[in-house]
Structures are given as structure tokens and as C-alpha cells.
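Asks: My file is start_32.pdb. It has PDB, C-alpha atoms, pLDDT in the B column:
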ATOM      1  CA  MET A 936       2.145   0.248  20.958  1.00 76.00           C
ATOM      2  CA  GLU A 937       0.593   2.541  18.337  1.00 80.00           C
ATOM      3  CA  PHE A 938       3.723   2.235  16.180  1.00 86.00           C
ATOM      4  CA  LEU A 939       3.484  -1.556  16.277  1.00 88.00           C
ATOM      5  CA  TRP A 940      -0.181  -1.416  15.178  1.00 86.00           C
ATOM      6  CA  MET A 941       0.800   0.944  12.359  1.00 86.00           C
ATOM      7  CA  LEU A 942       3.374  -1.585  11.099  1.00 88.00           C
ATOM      8  CA  ILE A 943       1.016  -4.561  11.395  1.00 89.00           C
ATOM      9  CA  VAL A 944      -2.002  -2.923   9.755  1.00 88.00           C
ATOM     10  CA  GLY A 945       0.181  -1.289   7.077  1.00 88.00           C
ATOM     11  CA  GLY A 946       1.738  -4.678   6.288  1.00 90.00           C
ATOM     12  CA  VAL A 947      -1.637  -6.377   6.008  1.00 91.00           C
ATOM     13  CA  ILE A 948      -3.013  -3.633   3.756  1.00 91.00           C
ATOM     14  CA  GLY A 949       0.072  -3.822   1.523  1.00 90.00           C
ATOM     15  CA  TRP A 950      -0.183  -7.626   1.390  1.00 91.00           C
ATOM     16  CA  LEU A 951      -3.894  -7.524   0.489  1.00 92.00           C
ATOM     17  CA  ALA A 952      -3.258  -4.923  -2.205  1.00 91.00           C
ATOM     18  CA  GLY A 953      -0.539  -7.143  -3.681  1.00 89.00           C
ATOM     19  CA  LEU A 954      -2.920 -10.111  -3.699  1.00 91.00           C
ATOM     20  CA  ILE A 955      -5.653  -8.093  -5.389  1.00 90.00           C
ATOM     21  CA  MET A 956      -3.225  -6.783  -8.011  1.00 88.00           C
ATOM     22  CA  GLY A 957      -1.657 -10.212  -8.517  1.00 86.00           C
ATOM     23  CA  ARG A 958       1.822  -8.722  -8.165  1.00 80.00           C
ATOM     24  CA  ASP A 959       4.577  -9.243  -5.663  1.00 76.00           C
ATOM     25  CA  ILE A 960       5.659  -6.109  -3.911  1.00 79.00           C
ATOM     26  CA  PRO A 961       9.434  -5.632  -4.054  1.00 77.00           C
ATOM     27  CA  GLY A 962      11.029  -5.887  -0.624  1.00 80.00           C
ATOM     28  CA  GLY A 963       8.853  -8.636   0.865  1.00 82.00           C
ATOM     29  CA  ILE A 964       7.430  -7.816   4.291  1.00 85.00           C
ATOM     30  CA  ILE A 965       9.130  -4.408   4.426  1.00 89.00           C
ATOM     31  CA  GLY A 966       7.730  -3.618   0.963  1.00 86.00           C
ATOM     32  CA  ASN A 967       4.238  -4.600   2.146  1.00 87.00           C
ATOM     33  CA  ILE A 968       4.525  -2.323   5.169  1.00 87.00           C
ATOM     34  CA  ILE A 969       5.779   0.598   3.078  1.00 90.00           C
ATOM     35  CA  ALA A 970       3.086   0.048   0.408  1.00 89.00           C
ATOM     36  CA  GLY A 971       0.412  -0.125   3.125  1.00 88.00           C
ATOM     37  CA  ILE A 972       1.556   3.012   4.930  1.00 90.00           C
ATOM     38  CA  LEU A 973       2.118   5.089   1.787  1.00 92.00           C
ATOM     39  CA  GLY A 974      -1.046   3.676   0.234  1.00 89.00           C
ATOM     40  CA  SER A 975      -3.009   4.688   3.319  1.00 89.00           C
ATOM     41  CA  TRP A 976      -1.695   8.206   3.031  1.00 90.00           C
ATOM     42  CA  LEU A 977      -2.449   8.311  -0.709  1.00 91.00           C
ATOM     43  CA  GLY A 978      -5.928   6.854  -0.185  1.00 91.00           C
ATOM     44  CA  GLY A 979      -6.642   9.408   2.528  1.00 89.00           C
ATOM     45  CA  VAL A 980      -5.584  12.257   0.263  1.00 91.00           C
ATOM     46  CA  LEU A 981      -7.574  11.000  -2.732  1.00 90.00           C
ATOM     47  CA  LEU A 982     -10.656   9.551  -1.023  1.00 90.00           C
ATOM     48  CA  GLY A 983     -10.807  11.004   2.468  1.00 87.00           C
ATOM     49  CA  SER A 984     -11.763   9.072   5.571  1.00 85.00           C
ATOM     50  CA  TRP A 985     -14.730   6.723   5.309  1.00 87.00           C
ATOM     51  CA  GLY A 986     -15.575   3.125   6.037  1.00 84.00           C
ATOM     52  CA  PRO A 987     -14.315   0.907   8.826  1.00 86.00           C
ATOM     53  CA  ARG A 988     -11.284   2.074  10.765  1.00 86.00           C
ATOM     54  CA  ILE A 989      -8.504  -0.068  12.216  1.00 83.00           C
ATOM     55  CA  SER A 990      -5.955   1.780  14.319  1.00 79.00           C
ATOM     56  CA  ASP A 991      -5.401   5.017  12.338  1.00 78.00           C
ATOM     57  CA  TYR A 992      -6.261   3.445   8.978  1.00 84.00           C
ATOM     58  CA  TYR A 993      -9.560   3.704   7.164  1.00 87.00           C
ATOM     59  CA  VAL A 994      -9.621   0.319   5.450  1.00 88.00           C
ATOM     60  CA  PHE A 995     -11.174   1.063   2.046  1.00 92.00           C
ATOM     61  CA  PRO A 996      -9.293   4.280   1.186  1.00 93.00           C
ATOM     62  CA  SER A 997      -6.073   2.680   2.462  1.00 91.00           C
ATOM     63  CA  LEU A 998      -6.530  -0.435   0.363  1.00 93.00           C
ATOM     64  CA  ILE A 999      -7.441   1.540  -2.758  1.00 93.00           C
ATOM     65  CA  GLY A1000      -4.468   3.858  -2.206  1.00 93.00           C
ATOM     66  CA  ALA A1001      -2.116   0.878  -1.821  1.00 92.00           C
ATOM     67  CA  ILE A1002      -3.487  -0.665  -5.033  1.00 92.00           C
ATOM     68  CA  VAL A1003      -2.904   2.608  -6.908  1.00 92.00           C
ATOM     69  CA  LEU A1004       0.598   2.840  -5.451  1.00 90.00           C
ATOM     70  CA  ILE A1005       1.446  -0.740  -6.489  1.00 88.00           C
ATOM     71  CA  ALA A1006       0.118  -0.085 -10.005  1.00 89.00           C
ATOM     72  CA  ILE A1007       2.288   3.042 -10.316  1.00 88.00           C
ATOM     73  CA  VAL A1008       5.401   1.297  -8.975  1.00 85.00           C
ATOM     74  CA  SER A1009       4.787  -1.675 -11.304  1.00 84.00           C
ATOM     75  CA  LEU A1010       4.548   0.630 -14.315  1.00 87.00           C
ATOM     76  CA  ILE A1011       7.745   2.425 -13.323  1.00 86.00           C
ATOM     77  CA  LEU A1012       9.642  -0.816 -12.727  1.00 81.00           C
ATOM     78  CA  ARG A1013       8.373  -2.269 -16.008  1.00 81.00           C
ATOM     79  CA  SER A1014       9.442   0.814 -17.988  1.00 82.00           C
ATOM     80  CA  VAL A1015      12.883   0.890 -16.333  1.00 80.00           C
ATOM     81  CA  GLY A1016      13.378  -2.870 -16.690  1.00 70.00           C
ATOM     82  CA  GLY A1017      12.219  -2.907 -20.292  1.00 63.00           C
ATOM     83  CA  ARG A1018      14.893  -0.504 -21.547  1.00 62.00           C
ATOM     84  CA  SER A1019      17.837  -2.020 -23.356  1.00 53.00           C
ATOM     85  CA  HIS A1020      21.278  -0.658 -22.639  1.00 54.00           C
ATOM     86  CA  SER A1021      23.338  -0.457 -25.835  1.00 51.00           C
TER
END
Just give me the structure of the file as C-alpha cells.

Replies:
Amino acid sequence: MEFLWMLIVGGVIGWLAGLIMGRDIPGGIIGNIIAGILGSWLGGVLLGSWGPRISDYYVFPSLIGAIVLIAIVSLILRSVGGRSHS
């Protein structure tokens, strides 16, 4: 049951981060889940554990971490997509 909660909360965090950033996360639902889980880890490393907690996720650090992750991925995808192949 804990694994299911991890997927649900990770997906919601990834979805919210995408809404806040105004960018679609590549991969749809799976991309949201991955962004939420990795963003939660990143937020925990950068900001620690504070604020409300849902399952094993601290909401604010997780959301901020997911936003940072989406910004980094967007920059990488933009730089790779912007190159011309001669």
C-alpha cells in the first residue's frame, strides 16, 4: 500500500509542479510520477524536511524540488532541441 501512495503523491506533486511552471512534463502520467519522486528527493536534499507531510513526502520541499527538476529538464531539452544538425 505504501508503494501505491508513493506513486499517487509523486504523480500529484509532479503534476502541480508542471502547472506552476506552465510546462508539460514529457511522458504524461509516468513523467509526472518520476518528476514528483525525483523532485521530492531533490527537495529533501536541498531543503530538508519541513512543512506538511503526506505519506513520506514533505509537501513544500517536494514541490520546490520538482519545480527545480522540471526547470533543469526543460533547459536541457531546449538546448538539445535547438541544435541544428548540418

Asks: Could you list, as a PyMOL selection string, every residue within 8 Å of region 947-951 of chain A, counting only C-alpha atoms and ignoring same-chain residues fewer than 2 positions away?

Replies: chain A and resi 943-945+953-955+966-972+974+994+997-998+1001

Asks: Have a look at CA of Gly1016 (chain A) and CA of Ile1002 (chain A) and let me know their distance in Å, one decimal.

Replies: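 CA of Ile1002 (chain A) lies at a distance of 20.6 Å from CA of Gly1016 (chain A).
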
Asks: Report, in Å with one decimal, the straight-line distance from CA of Gly963 (chain A) to CA of Leu939 (chain A).

Replies: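 Here the two named atoms are 17.8 Å from each other.
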
Asks: Counting all atoms listed in the file, figure out which residue out of A:Pro961, A:Gly986, A:Gly946, A:Trp940 gets nearest to Ser1009 (chain A).

Replies: A:Pro961

Asks: Would you work out the distance separating CA of Leu981 (chain A) from CA of Ile960 (chain A), expressed in Å to one decimal?

Replies: 21.7 Å

Asks: Residues at most 8 Å from Gly979 (chain A), counting only C-alpha atoms, excluding those fewer than 3 positions away in the same chain, as a list of chain:residue names?

Replies: A:Ser975, A:Trp976, A:Leu982, A:Gly983, A:Ser984, A:Tyr993, A:Pro996, A:Ser997, A:Gly1000

Asks: Which residue gives the smallest distance to Leu1010 (chain A) among A:Leu973, A:Ile965, A:Arg958, A:Val980, with only C-alpha atoms counted?

Replies: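 Residue with the minimum atom-to-atom distance to Leu1010 (chain A): A:Arg958.
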
Asks: Listed atoms of region 950-961 of chain A, axis-aligned box, 8 Å per side: centre and edge lengths to one decimal in Å, as lines of an AutoDock Vina configuration file?

Replies:
center_x = 1.9
center_y = -7.6
center_z = -3.6
size_x = 31.1
size_y = 21.3
size_z = 25.9

Asks: Smallest atom-to-atom distance to Glu937 (chain A): which of A:Ile989, A:Ile964, A:Leu977, A:Ile1007, using only C-alpha atoms?

Replies: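 Once distances to Glu937 (chain A) are computed over only C-alpha atoms, the minimum belongs to A:Ile989.
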
Asks: Taking only C-alpha atoms into account, which of A:Gly978, A:Pro987, A:Gly957, A:Gly962 comes nearest Val1003 (chain A)?

Replies: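 For Val1003 (chain A), the nearest of the given residues is A:Gly978.
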
Asks: Please output region 989-1000 of chain A, rebuilt to include all heavy atoms, as a PDB file, in the frame of the given file.

Replies:
ATOM      1  N   ILE A 989      -9.336   0.775  11.370  1.00 83.00           N
ATOM      2  CA  ILE A 989      -8.504  -0.068  12.216  1.00 83.00           C
ATOM      3  C   ILE A 989      -7.267   0.747  12.557  1.00 83.00           C
ATOM      4  O   ILE A 989      -6.557   1.201  11.659  1.00 83.00           O
ATOM      5  CB  ILE A 989      -8.093  -1.369  11.500  1.00 83.00           C
ATOM      6  CG1 ILE A 989      -9.322  -2.180  11.114  1.00 83.00           C
ATOM      7  CG2 ILE A 989      -7.156  -2.187  12.373  1.00 83.00           C
ATOM      8  CD1 ILE A 989      -9.028  -3.391  10.268  1.00 83.00           C
ATOM      9  N   SER A 990      -7.040   0.928  13.846  1.00 79.00           N
ATOM     10  CA  SER A 990      -5.955   1.780  14.319  1.00 79.00           C
ATOM     11  C   SER A 990      -6.184   3.170  13.710  1.00 79.00           C
ATOM     12  O   SER A 990      -7.239   3.742  13.890  1.00 79.00           O
ATOM     13  CB  SER A 990      -4.603   1.176  13.952  1.00 79.00           C
ATOM     14  OG  SER A 990      -3.550   1.894  14.530  1.00 79.00           O
ATOM     15  N   ASP A 991      -5.220   3.712  12.980  1.00 78.00           N
ATOM     16  CA  ASP A 991      -5.401   5.017  12.338  1.00 78.00           C
ATOM     17  C   ASP A 991      -5.718   4.893  10.857  1.00 78.00           C
ATOM     18  O   ASP A 991      -5.655   5.857  10.121  1.00 78.00           O
ATOM     19  CB  ASP A 991      -4.134   5.868  12.508  1.00 78.00           C
ATOM     20  CG  ASP A 991      -4.003   6.413  13.916  1.00 78.00           C
ATOM     21  OD1 ASP A 991      -5.027   6.503  14.609  1.00 78.00           O
ATOM     22  OD2 ASP A 991      -2.874   6.742  14.323  1.00 78.00           O
ATOM     23  N   TYR A 992      -6.036   3.701  10.397  1.00 84.00           N
ATOM     24  CA  TYR A 992      -6.261   3.445   8.978  1.00 84.00           C
ATOM     25  C   TYR A 992      -7.740   3.247   8.690  1.00 84.00           C
ATOM     26  O   TYR A 992      -8.396   2.435   9.318  1.00 84.00           O
ATOM     27  CB  TYR A 992      -5.519   2.173   8.533  1.00 84.00           C
ATOM     28  CG  TYR A 992      -4.030   2.270   8.643  1.00 84.00           C
ATOM     29  CD1 TYR A 992      -3.363   1.724   9.727  1.00 84.00           C
ATOM     30  CD2 TYR A 992      -3.299   2.896   7.656  1.00 84.00           C
ATOM     31  CE1 TYR A 992      -1.984   1.804   9.824  1.00 84.00           C
ATOM     32  CE2 TYR A 992      -1.923   2.973   7.745  1.00 84.00           C
ATOM     33  CZ  TYR A 992      -1.273   2.427   8.831  1.00 84.00           C
ATOM     34  OH  TYR A 992       0.080   2.512   8.917  1.00 84.00           O
ATOM     35  N   TYR A 993      -8.231   3.981   7.701  1.00 87.00           N
ATOM     36  CA  TYR A 993      -9.560   3.704   7.164  1.00 87.00           C
ATOM     37  C   TYR A 993      -9.353   2.657   6.073  1.00 87.00           C
ATOM     38  O   TYR A 993      -8.614   2.884   5.118  1.00 87.00           O
ATOM     39  CB  TYR A 993     -10.206   4.974   6.613  1.00 87.00           C
ATOM     40  CG  TYR A 993     -10.632   5.899   7.722  1.00 87.00           C
ATOM     41  CD1 TYR A 993      -9.788   6.879   8.209  1.00 87.00           C
ATOM     42  CD2 TYR A 993     -11.875   5.747   8.312  1.00 87.00           C
ATOM     43  CE1 TYR A 993     -10.172   7.704   9.249  1.00 87.00           C
ATOM     44  CE2 TYR A 993     -12.282   6.570   9.350  1.00 87.00           C
ATOM     45  CZ  TYR A 993     -11.420   7.547   9.818  1.00 87.00           C
ATOM     46  OH  TYR A 993     -11.807   8.347  10.847  1.00 87.00           O
ATOM     47  N   VAL A 994      -9.963   1.504   6.225  1.00 88.00           N
ATOM     48  CA  VAL A 994      -9.621   0.319   5.450  1.00 88.00           C
ATOM     49  C   VAL A 994      -9.782   0.524   3.945  1.00 88.00           C
ATOM     50  O   VAL A 994      -8.844   0.259   3.184  1.00 88.00           O
ATOM     51  CB  VAL A 994     -10.450  -0.893   5.927  1.00 88.00           C
ATOM     52  CG1 VAL A 994     -10.188  -2.105   5.060  1.00 88.00           C
ATOM     53  CG2 VAL A 994     -10.147  -1.203   7.383  1.00 88.00           C
ATOM     54  N   PHE A 995     -10.930   0.977   3.484  1.00 92.00           N
ATOM     55  CA  PHE A 995     -11.174   1.063   2.046  1.00 92.00           C
ATOM     56  C   PHE A 995     -10.289   2.101   1.352  1.00 92.00           C
ATOM     57  O   PHE A 995      -9.658   1.778   0.338  1.00 92.00           O
ATOM     58  CB  PHE A 995     -12.653   1.294   1.745  1.00 92.00           C
ATOM     59  CG  PHE A 995     -13.518   0.149   2.195  1.00 92.00           C
ATOM     60  CD1 PHE A 995     -14.580   0.364   3.059  1.00 92.00           C
ATOM     61  CD2 PHE A 995     -13.259  -1.147   1.785  1.00 92.00           C
ATOM     62  CE1 PHE A 995     -15.370  -0.684   3.492  1.00 92.00           C
ATOM     63  CE2 PHE A 995     -14.040  -2.213   2.218  1.00 92.00           C
ATOM     64  CZ  PHE A 995     -15.099  -1.976   3.073  1.00 92.00           C
ATOM     65  N   PRO A 996     -10.210   3.333   1.844  1.00 93.00           N
ATOM     66  CA  PRO A 996      -9.293   4.280   1.186  1.00 93.00           C
ATOM     67  C   PRO A 996      -7.839   3.806   1.238  1.00 93.00           C
ATOM     68  O   PRO A 996      -7.099   3.985   0.271  1.00 93.00           O
ATOM     69  CB  PRO A 996      -9.474   5.578   1.977  1.00 93.00           C
ATOM     70  CG  PRO A 996     -10.794   5.453   2.635  1.00 93.00           C
ATOM     71  CD  PRO A 996     -10.991   3.996   2.889  1.00 93.00           C
ATOM     72  N   SER A 997      -7.446   3.173   2.342  1.00 91.00           N
ATOM     73  CA  SER A 997      -6.073   2.680   2.462  1.00 91.00           C
ATOM     74  C   SER A 997      -5.791   1.587   1.447  1.00 91.00           C
ATOM     75  O   SER A 997      -4.740   1.585   0.794  1.00 91.00           O
ATOM     76  CB  SER A 997      -5.826   2.137   3.873  1.00 91.00           C
ATOM     77  OG  SER A 997      -5.941   3.157   4.829  1.00 91.00           O
ATOM     78  N   LEU A 998      -6.710   0.666   1.302  1.00 93.00           N
ATOM     79  CA  LEU A 998      -6.530  -0.435   0.363  1.00 93.00           C
ATOM     80  C   LEU A 998      -6.510   0.075  -1.078  1.00 93.00           C
ATOM     81  O   LEU A 998      -5.652  -0.326  -1.880  1.00 93.00           O
ATOM     82  CB  LEU A 998      -7.645  -1.461   0.555  1.00 93.00           C
ATOM     83  CG  LEU A 998      -7.495  -2.780  -0.169  1.00 93.00           C
ATOM     84  CD1 LEU A 998      -6.186  -3.469   0.188  1.00 93.00           C
ATOM     85  CD2 LEU A 998      -8.663  -3.688   0.182  1.00 93.00           C
ATOM     86  N   ILE A 999      -7.405   0.975  -1.408  1.00 93.00           N
ATOM     87  CA  ILE A 999      -7.441   1.540  -2.758  1.00 93.00           C
ATOM     88  C   ILE A 999      -6.166   2.343  -3.030  1.00 93.00           C
ATOM     89  O   ILE A 999      -5.573   2.243  -4.109  1.00 93.00           O
ATOM     90  CB  ILE A 999      -8.705   2.401  -2.961  1.00 93.00           C
ATOM     91  CG1 ILE A 999      -9.940   1.498  -2.928  1.00 93.00           C
ATOM     92  CG2 ILE A 999      -8.639   3.194  -4.265  1.00 93.00           C
ATOM     93  CD1 ILE A 999     -11.258   2.240  -2.831  1.00 93.00           C
ATOM     94  N   GLY A1000      -5.721   3.105  -2.050  1.00 93.00           N
ATOM     95  CA  GLY A1000      -4.468   3.858  -2.206  1.00 93.00           C
ATOM     96  C   GLY A1000      -3.276   2.944  -2.401  1.00 93.00           C
ATOM     97  O   GLY A1000      -2.397   3.220  -3.231  1.00 93.00           O
TER      98      GLY A1000
END
